[in-house]
Amino acid sequence: MASNKEDADIDDAAINEEELEKALCVLAGSDPENCSYSRGYVKRQAVFACNTCTPSAAEPAGVCLACANKCHDGHDIFELYTKRNFRCDCGNGKFGEFNCQLIPAKDEENSRNHYNHNFSGCYCSCDRPYPDTDDQANDEMIQCIICEDWFHSRHLGCTAAEPEELQEMICEACMNKFPVLWTYAAHFAVAPVVSVSHPEEEVEVDVVEGAEQVEDSESSQSQDEQPSVSHTKQEEAANRSSPCKRTHEEMTGSPAKATAKTAVCRLKELQAAGQERPRQGAVFWPYSWRSELCTCTSCKRTYVAGEVQFLMDQTDTILAYEKKGLDEPFGQHPLMALTSSMNRVQQLEVIYGFNELTTSMTAFLDQCEAEGKMVTVEAVHEFFEELRARKRRRTNAGYQ
């Protein structure tokens with residue numbers, strides 16, 4: 001039987017592999033060699049901030065994966081995970097005399113970019129850095145899909161059962177900015193968990209106001225008319241896995257089902273049902289909740305006015321982004337066949353390392369040729385030591 005230390009080592013290895021897989025999924029969806037600026041406001045991409053070039057006192061700015069690797073190599077950079085509709089700032093007016101090495105000619109600013117305190121290295125409603133050396137609590141951070149800020153689970157204003165197993169979260173502030181979401185939450189979100197104290201023990205119960213009314217109304221409706229809850233707890237348990245391994249069908253739900261709901265206003269039907277839930281705390285949503293949103297003309301206008309029209313896009317999700325990254329370029333990489341005996345994490349590590357090696361080696365040889373230098377043994381050793389140092393920086397950066 002393994003000792004406690006051995007058990008702990010196994011647990012740590014499993015956690016590290018999961019974190020590495022998540023981090024690689026994020027990187028896999030972005031181009032590591034070409035600056036994304038020419039693509040405009042990219043639908044979703046990995047974004048980084050550079051403390052060296054734009055410290056916290058400066059204007060917030062973000063750079064793409066390629067610029068983080070090429071232009072800011074050796075700088076104090078930190079990962080912001082992914083951002084929606086973002087254009088690379090590297091070398092624009094926010095960077096002073098610093099120019100982008102990949103695309104030197106850029107506009108002074110990207111007016112449609114959205115920034116928050118994450119770009120200064122602070123997160124959550126507590127406005128603290130991550131990692132926070134003064135915080136001894138082992139508390140995971142969860143990203144809101146609307147404001148894209150990251151929150152400590154203890155600062156969400158609610159208790160959610162195993163939130164890491166749930167697809168998407170919307171913080172309370174964003175729910176209140178677009179209050180029609182509370183109607184959908186009453187029907188399709190994960191039920192809130194509240195603590196009820198008893199003389200001898202404290203138990204957690206799921207509370208949804210108006211549940212009895214809904215149960216009565218559902219019994220009188222036909223199977224085709226009644227509002228469908230996205231997933232039962234049994235379905236969620238059966239589908240639980242690493243986010244990178246969930247299927248696209250799980251993310252998007254049934255297209256046919258979504259199309260059928262556009263004939264009438266789904267929102268008005270749900271409001272007429274009278275089901276309510278407490279309007280407090282963050283809300284957790286199961287995998288296919290976006291397919292439940294009404295897409296009639298009136299509701300579409302409401303989404304646009306509230307600047308949440310991306311909620312209608314089934315491919316906006318992090319899972320869709322990760323799936324695309326795993327399919328291409330990494331999923332179709334020639335090395336994939338040679339690494340077929342490896343698990344997905346090992347495959348991604350090898351391919352990412354190979355891509356980085358070939359890119360860096362080409363740049364190294366081109367530099368030597370341009371400077372008229374001999375390719376000495378010492379220079380090659382120095383080159384590979386820098387690659388190892390870069391890998392350590394990437395690995396130690398961890399996953400937010």
# chains A, B, ... in the order shown; residues from 1 in each chain; ligands from 1

call {"tool": "residues_around", "arguments": {"residues": "Ala185 of chain A", "least_positions_apart": "5", "cutoff": "9 Å", "atoms": "only C-alpha atoms", "output": "ChimeraX atom specification"}}
result
/A:180,190-191,276-277,283-285

call {"tool": "residues_around", "arguments": {"residues": "Asp107 of chain A", "least_positions_apart": "3", "cutoff": "8 Å", "atoms": "only C-alpha atoms", "output": "list in words"}}
result
Asn92, Gly93 and Asn110 of chain A

call {"tool": "write_last_selection", "arguments": {"atoms": "all heavy atoms", "output": "PDB file, in the first residue's frame"}}
result
ATOM      1  N   ASN A  92       2.075  49.483 -30.051  1.00  0.00           N
ATOM      2  CA  ASN A  92       1.279  50.664 -30.402  1.00  0.00           C
ATOM      3  C   ASN A  92       1.615  51.819 -29.461  1.00  0.00           C
ATOM      4  O   ASN A  92       2.612  51.780 -28.733  1.00  0.00           O
ATOM      5  CB  ASN A  92      -0.225  50.355 -30.431  1.00  0.00           C
ATOM      6  CG  ASN A  92      -0.817  50.027 -29.066  1.00  0.00           C
ATOM      7  OD1 ASN A  92      -0.181  50.212 -28.036  1.00  0.00           O
ATOM      8  ND2 ASN A  92      -2.045  49.537 -29.061  1.00  0.00           N
ATOM      9  N   GLY A  93       0.792  52.852 -29.447  1.00  0.00           N
ATOM     10  CA  GLY A  93       1.105  54.057 -28.689  1.00  0.00           C
ATOM     11  C   GLY A  93       1.283  53.846 -27.206  1.00  0.00           C
ATOM     12  O   GLY A  93       1.925  54.669 -26.526  1.00  0.00           O
ATOM     13  N   ASN A 110      -6.161  50.532 -30.035  1.00  0.00           N
ATOM     14  CA  ASN A 110      -7.258  49.679 -30.485  1.00  0.00           C
ATOM     15  C   ASN A 110      -8.497  50.068 -29.679  1.00  0.00           C
ATOM     16  O   ASN A 110      -8.702  49.590 -28.560  1.00  0.00           O
ATOM     17  CB  ASN A 110      -6.900  48.210 -30.282  1.00  0.00           C
ATOM     18  CG  ASN A 110      -5.698  47.788 -31.108  1.00  0.00           C
ATOM     19  OD1 ASN A 110      -5.629  48.052 -32.303  1.00  0.00           O
ATOM     20  ND2 ASN A 110      -4.733  47.125 -30.477  1.00  0.00           N
TER      21      ASN A 110
END

call {"tool": "closest_residue", "arguments": {"among": "A:Asp31, A:Met169, A:Ala272, A:Gln367", "to": "Tyr287 of chain A", "atoms": "only C-alpha atoms"}}
result
A:Met169

call {"tool": "residues_around", "arguments": {"residues": "segment 279-282 of chain A", "least_positions_apart": "5", "cutoff": "10 Å", "atoms": "only C-alpha atoms", "output": "PyMOL selection string"}}
result
chain A and resi 144+151+153+155-160+169-176+179+182-183+185-186+192

call {"tool": "residues_around", "arguments": {"residues": "Thr52 of chain A", "least_positions_apart": "5", "cutoff": "12 Å", "atoms": "only C-alpha atoms", "output": "ChimeraX atom specification"}}
result
/A:57-58,61,68,71-78,95,98,120

call {"tool": "write_last_selection", "arguments": {"atoms": "N, CA, C and O atoms", "output": "JSON list (two decimals), in the first residue's frame"}}
result
[["chain", "number", "residue", "atom", "x", "y", "z"],
["A", 57, "ALA", "N", 1.08, 51.15, -13.47],
["A", 57, "ALA", "CA", 0.78, 52.58, -13.48],
["A", 57, "ALA", "C", 0.50, 53.10, -14.89],
["A", 57, "ALA", "O", -0.05, 54.19, -15.06],
["A", 58, "ALA", "N", 0.88, 52.32, -15.90],
["A", 58, "ALA", "CA", 0.69, 52.75, -17.28],
["A", 58, "ALA", "C", -0.70, 52.38, -17.78],
["A", 58, "ALA", "O", -1.48, 51.74, -17.07],
["A", 61, "ALA", "N", -2.62, 47.30, -21.45],
["A", 61, "ALA", "CA", -2.38, 46.83, -22.81],
["A", 61, "ALA", "C", -2.22, 45.32, -22.78],
["A", 61, "ALA", "O", -1.82, 44.74, -21.77],
["A", 68, "ALA", "N", 4.15, 37.74, -27.25],
["A", 68, "ALA", "CA", 4.66, 37.37, -25.92],
["A", 68, "ALA", "C", 5.92, 36.53, -26.07],
["A", 68, "ALA", "O", 6.88, 36.68, -25.31],
["A", 71, "CYS", "N", 8.46, 39.25, -29.12],
["A", 71, "CYS", "CA", 8.79, 40.63, -28.77],
["A", 71, "CYS", "C", 9.10, 40.81, -27.28],
["A", 71, "CYS", "O", 9.88, 41.69, -26.90],
["A", 72, "HIS", "N", 8.48, 40.01, -26.43],
["A", 72, "HIS", "CA", 8.61, 40.21, -24.98],
["A", 72, "HIS", "C", 9.31, 39.05, -24.28],
["A", 72, "HIS", "O", 9.14, 38.84, -23.08],
["A", 73, "ASP", "N", 10.07, 38.29, -25.05],
["A", 73, "ASP", "CA", 10.82, 37.18, -24.46],
["A", 73, "ASP", "C", 11.81, 37.72, -23.42],
["A", 73, "ASP", "O", 12.57, 38.65, -23.69],
["A", 74, "GLY", "N", 11.77, 37.16, -22.21],
["A", 74, "GLY", "CA", 12.63, 37.62, -21.13],
["A", 74, "GLY", "C", 12.04, 38.73, -20.31],
["A", 74, "GLY", "O", 12.59, 39.11, -19.28],
["A", 75, "HIS", "N", 10.90, 39.28, -20.75],
["A", 75, "HIS", "CA", 10.22, 40.33, -19.98],
["A", 75, "HIS", "C", 9.38, 39.71, -18.87],
["A", 75, "HIS", "O", 9.15, 38.50, -18.83],
["A", 76, "ASP", "N", 8.90, 40.56, -17.99],
["A", 76, "ASP", "CA", 8.00, 40.13, -16.91],
["A", 76, "ASP", "C", 6.57, 40.13, -17.45],
["A", 76, "ASP", "O", 5.86, 41.13, -17.36],
["A", 77, "ILE", "N", 6.17, 39.01, -18.04],
["A", 77, "ILE", "CA", 4.84, 38.91, -18.62],
["A", 77, "ILE", "C", 3.98, 37.97, -17.79],
["A", 77, "ILE", "O", 4.49, 37.11, -17.07],
["A", 78, "PHE", "N", 2.67, 38.16, -17.87],
["A", 78, "PHE", "CA", 1.77, 37.22, -17.20],
["A", 78, "PHE", "C", 0.56, 36.97, -18.08],
["A", 78, "PHE", "O", 0.15, 37.82, -18.87],
["A", 95, "PHE", "N", 3.09, 51.67, -25.84],
["A", 95, "PHE", "CA", 4.40, 51.10, -25.56],
["A", 95, "PHE", "C", 5.54, 52.08, -25.79],
["A", 95, "PHE", "O", 6.72, 51.69, -25.76],
["A", 98, "PHE", "N", 8.90, 51.43, -27.88],
["A", 98, "PHE", "CA", 9.01, 49.99, -28.14],
["A", 98, "PHE", "C", 8.17, 49.61, -29.36],
["A", 98, "PHE", "O", 6.98, 49.94, -29.43],
["A", 120, "SER", "N", -3.60, 44.85, -15.00],
["A", 120, "SER", "CA", -2.64, 45.37, -14.00],
["A", 120, "SER", "C", -2.27, 44.29, -13.00],
["A", 120, "SER", "O", -1.62, 44.57, -11.99]]

call {"tool": "atom_distance", "arguments": {"atom1": "atom CA of Ile145 of chain A", "atom2": "atom CA of Ala66 of chain A"}}
result
24.3 Å

call {"tool": "residues_around", "arguments": {"residues": "Ala46 of chain A", "least_positions_apart": "6", "cutoff": "7 Å", "atoms": "only C-alpha atoms", "output": "ChimeraX atom specification"}}
result
/A:26-27,30,64-65,81-83
